[in-house]
Structure formats: C-alpha cells, structure tokens
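Student: Pasting in a structure now, in structure tokens, and then I'll have a few things to ask.
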Amino acid sequence: MTADATPHPARWLPVDDPHRLRLHGEAHARPSAHIRMPALVLYVAVRHDGVERAAQWQHLRRLPGQQDLPAEALDGQFLRLRLPDGTLKWERHTEFTRYSLVQALPAGTQLHSEPPALQESLIVGRDWIRDIPGQVLVAVELVMLHGDIHSESWLPAARRWFSSRTVAVSRMGRDGHSAAITDFVLRDDGFERMLVVAPEGTTETRAGRISQRLLEMETYRLMALLGLPAAKALQPEIAAAEQQLSALTARFEAREASDQSLLDELVQLAARLERATAGGAFRFDATRAYDTLMVQRLAELRENYLPGQQTLGEFLQRRQAPAVATVAATAERLASLATRVERASGLLRTRVDIATEVQNQQLLAKLAQGQALQLRLQATVEGLSIAAITYYVVSLLLYGAKAAQAAGAPINAEVAAGALLPLVVFGVWRSTRGIQQRLARRGVADADAP
C-alpha cells in the first residue's frame, strides 16, 4: 500500500509509510536455502562493476526452463529459480552478485568414497558458469555429506577431499552436531573446496543455514581484503607526503622561503591527500564493515575445538587480522597526515595574516603622514590664497581711490588703500572660512546618507 492509498475497511491503522513494506520485507529478503543432504553447492560471487541487471537477466534466461523469465523478476535483490534437477539462487548486493547452485551429488558419493569429478555432474554447462557477467571474487565447491563426526575415521576420510596438508576443521553448534573442513586453497579450476559432514537426520533448514554462513563468511572475508591492495598502493604516496610535509615544516620554521610560496605548496599537498582520501575512504570503510560481517558469521557457526586441529576462525584470524590491521593503520595514517597538513596550513595562514596586517598598518601610517602633509600644504595654499585675493582687492580699491582723487575728491589714494587693508584681509579670511565650513558640512551629510 502506498502513502496515498485508501486503507482497507478492516484495517485499524492509518495509511502506511511508503517504505514500510520494503523495510518489513528485509527480514525475509535473504532466506536460507533448504538443502537435502547429501548435496553439492556450487557458489560463485562476482563483482558487478558496470554490469547492468539486464545483462544478468539475459544470462539467467539461458538456464534450463528459464527462457520465459520476466525482467521484472530481477527488480528485487533476491531470486530463487527452480531447475529440473536443482535450484539456483541469485542475489545482487551493493558491490557483488552471488550465484548459488544447489544439486544432488553424483550417485554413490559418500564421505569414505573416492572424491568424484564434481564439475562433470553439474546440471548447468561450463559455458554458463564461465559466461557469468562480472569479475569472479569467490568460487566455492561446497560438498555436504552425511557422516559420524564422533568416530575416529571421519577426519582422515575428509582429508582425502583436499590436496593440501594444512586444513582447518571446526565442529559447529553447541552440541557439535556437524563439522566443516577446508584448506582455503584455489585449485587449478579456480574453485576452492569446503566439506560439511553432518549426521543422518540433519534437517534441510539446518543444512541451508550452515551453507549460507560458510559461504557468506568466505565472501565477506575476501571483500574485506579488497582494501589491502588499495592500502599498499597508497603507502608510498603517504610516505612521500610525510617527507614533503616535514621539509615544508623545517623551511617554515627557518624562514627559508616566502610564506606565500610555502602556503601554495601546502595547498597542493592538501589537494593530493584529499584525492587519496577520496579514492581510499570507501574501500577502507568497506573493509571494516565486511570484516565485522565475517566475524559475525564465524560467531554464528558456534565453533568447537577439535583436538589437534585449528578451527576455521583461528585459521582466518591469524591471516585476516594483519591485513585488516594494515588497512586500518593506513586509513589512520592518512587521516593523521591530513590533520597535520591542515594544522601547518593554519599556522602558516596565521603568519601570513599577521604579516599582511603589519603591512596594512604601515600603509595606513604612510597614508596618515601624507594626509598630514597635504593638510599643511593646504593651509599654506590657503594663506597664499588669502594674500593673493587681498592684494587684488586692495589693488582694485587703490585704482578706485586714485580715480576719485583724479576727479577732485579730497582723498589720498595710498592712505585710503592702506586704511582699508585690515578690513579687506579680515573679509577675505572670513569668506574663505565660510566656504570651507559649508563644504565640510556637505561632506558629512553625504557620508551619512544611505
């Protein structure tokens, strides 16, 4: 039901959240297979970078009896197909897709018999397996047989299924109801082999849970290890960046280069580290997540120790833990280096800002000094202007007095001009001051205007 749908008349609840059904279905999205022992589980997990669902749909249609498989069947994350003599489960995850083929073992196959040629008995052709879209990361032949794991003969018989001398063996369950054995070795055909021995009467659901946990454990183990090549590829670049940062810090302390040039180099170094972090952050986070899932699957097996043998968990942890620790150390080293670069950049920016502030203060002081000189020059010019204006006004008055004297007026032109000189000087000064005050008031008003 969608968010805008009308509730059913018998329904007591309000309208569903649009994601409710999908979230509720997550609990049933990856059910365990029901496996009837003895059985063979052929498992392939491929990374599907660049592989569309349409390509996987076309490939699944090549299976016997699946020519009419609709494309909508792959809209979800999980699909189980019934084949004439078995089943195939398809699961698409974020980074990989899993194919699990469950079928019967060749007739007469028992724990104490000679291991048969398993791939010659497959119900799908080799061409179909070879043409699975994507890049193979995990390929496992999981053989599930009946046997008494409390007898002394079961383990030597189980070892014959493996060419390696070193195997890991675990009894599973609180009561040790079954056992798993493997050597984690890739054979010439590209598959590794696992063997599960369980007593008669083991239910199909229990066998399905055992196979799912073992196969998921191996898948998550290898997915976690994908971070190791990325970490090793970044280590030389991180070492070079650390040396460059140390050199830049020494030059910064000794003031062997301009602050601006040092800052430019630090910015370039920070950009390189950001690019490296962006390229490796997802892979490092994925390593932690997948390793956590692998440990959970191991815990769900409830391993019990078999005297004289190492368990699957012991075998994996001794080899997995150093790789995961290397990835974690690389991620921490990269993050620490980025923090150091950021701190050095901050210190250098502070020094550049202080130097810039000092330069600005010096510039302001020079501007203030220039303004003071300009004011002095302006005062000098104003004085000269008053003297010049006074001279011209007195000259005009003198010419007027001489004209009046020539016309017969009883005055002395020079005496009259000299007598008027103080008044003329005061008048010119007063007029100049009035003009300056009006200009000053107009400038203040313009500055206050929005």
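To be explicit about the labels: the chains of the structure tokens are called A, B, and onward in the order shown, and within each one the residues are counted from 1, while ligands get numbers from 1 in the order they are shown.
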Would you pick out the contacts of Val124 in chain A at 8 Å or less, using only C-alpha atoms, so that residues sharing its chain but fewer than 2 positions from it are not included, and give the list as a count of residues only?
Tutor: 6
Student: Determine the nearest neighbour of Thr166 in chain A from the options A:Glu152, A:Thr182, A:Pro70, A:Ala104, counting only C-alpha atoms.
Tutor: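 Once distances to Thr166 in chain A are computed over only C-alpha atoms, the minimum belongs to A:Thr182.
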Student: If you take only C-alpha atoms and a cut-off of 8 Å, which residues of range 233-268 of chain A touch range 316-334 of chain A, and what are their nearest atom pairs and distances in Å to one decimal, in chain and number order, as CSV?
Tutor:
residue,atom,partner,partner_atom,distance
A:Leu234,CA,A:Thr330,CA,7.9
A:Gln235,CA,A:Thr330,CA,7.1
A:Ile238,CA,A:Leu334,CA,6.8
Student: Can you spit out the residues from that selection as a PDB file, in the first residue's frame, using C-alpha atoms?
Tutor:
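The file below, result.pdb, is the result:
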ATOM      1  CA  LEU A 234      48.716   4.422  -1.048  1.00  0.00           C
ATOM      2  CA  GLN A 235      51.599   3.752   1.332  1.00  0.00           C
ATOM      3  CA  ILE A 238      51.679   8.717   2.076  1.00  0.00           C
TER       4      ILE A 238
END
Student: Do a neighbour search on range 75-77 of chain A at 7 Å with only C-alpha atoms, toss out local chain neighbours closer than 6 positions, and write the hits as a short mmCIF file (atom, residue, chain, number, x, y, z; two decimals) with C-alpha atoms, in the first residue's frame.
Tutor:
data_model
loop_
_atom_site.label_atom_id
_atom_site.label_comp_id
_atom_site.auth_asym_id
_atom_site.auth_seq_id
_atom_site.Cartn_x
_atom_site.Cartn_y
_atom_site.Cartn_z
CA GLU A 91 21.41 -12.30 -5.01
CA ARG A 92 22.55 -8.80 -6.01
CA HIS A 93 24.34 -6.72 -3.39
#
Student: My list of candidates is A:Val185, A:Met37, A:Leu420, A:Val136. Which is closest to Thr202 in chain A when distances are computed with only C-alpha atoms?
Tutor: A:Met37
Student: When you draw a straight line from CA of Ala207 in chain A to CA of Arg130 in chain A, how long is it in Å?
Tutor: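 A separation of 27.2 Å between them.
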Student: Residues within 8 Å of range 178-180 of chain A, please, as a PyMOL selection string. Count only C-alpha atoms; anything in the same chain fewer than 3 positions from it doesn't count.
Tutor: chain A and resi 149+169-173+194-199
Student: May I have the residues within 12 Å of range 352-364 of chain A as JSON, numbers by chain, using only C-alpha atoms and disregarding those fewer than 2 positions away in the same chain?
Tutor: {"A": [252, 258, 259, 260, 261, 262, 263, 264, 345, 346, 347, 348, 349, 350, 366, 367, 368, 369, 370, 371]}
Student: Hey, what does DSSP flag as strand (DSSP E or B) within range 167-350 of chain A? Can you give it to me as an MDAnalysis selection string?
Tutor: chainID A and resid 168:172 178:182 192:198 303:304
Student: Write a file of the just-selected residues containing C-alpha atoms, as a short mmCIF file (atom, residue, chain, number, x, y, z; two decimals), in the first residue's frame.
Tutor:
data_model
loop_
_atom_site.label_atom_id
_atom_site.label_comp_id
_atom_site.auth_asym_id
_atom_site.auth_seq_id
_atom_site.Cartn_x
_atom_site.Cartn_y
_atom_site.Cartn_z
CA ALA A 168 41.05 -26.03 9.20
CA VAL A 169 38.38 -28.05 10.98
CA SER A 170 35.53 -26.86 13.16
CA ARG A 171 32.74 -28.64 14.94
CA MET A 172 29.66 -26.46 14.70
CA SER A 178 28.25 -31.16 12.37
CA ALA A 179 31.71 -30.27 11.14
CA ALA A 180 33.23 -28.09 8.42
CA ILE A 181 36.65 -28.61 6.88
CA THR A 182 38.54 -26.65 4.21
CA GLU A 192 38.18 -23.68 -3.55
CA ARG A 193 36.54 -26.57 -1.76
CA MET A 194 34.68 -26.86 1.53
CA LEU A 195 33.27 -30.01 3.08
CA VAL A 196 30.44 -30.25 5.60
CA VAL A 197 29.86 -33.52 7.45
CA ALA A 198 26.58 -33.86 9.33
CA GLU A 303 32.77 -23.35 16.52
CA ASN A 304 34.08 -26.02 18.85
#
Student: Which polymer residues have any atom within 8 Å of an atom of Arg283 in chain A, counting only C-alpha atoms, with same-chain residues fewer than 4 positions away left out, as a list in words?
Tutor: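 In the requested form, the answer reads Leu226, Gly227, Ala230, Gly279 and Thr287 of chain A.
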Student: Pick from A:Ile132, A:Val295, A:Val341, A:Leu306: nearest to Arg213 in chain A, with only C-alpha atoms counted?
Tutor: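 Of A:Ile132, A:Val295, A:Val341, A:Leu306, the one nearest Arg213 in chain A is A:Val295, counting only C-alpha atoms.
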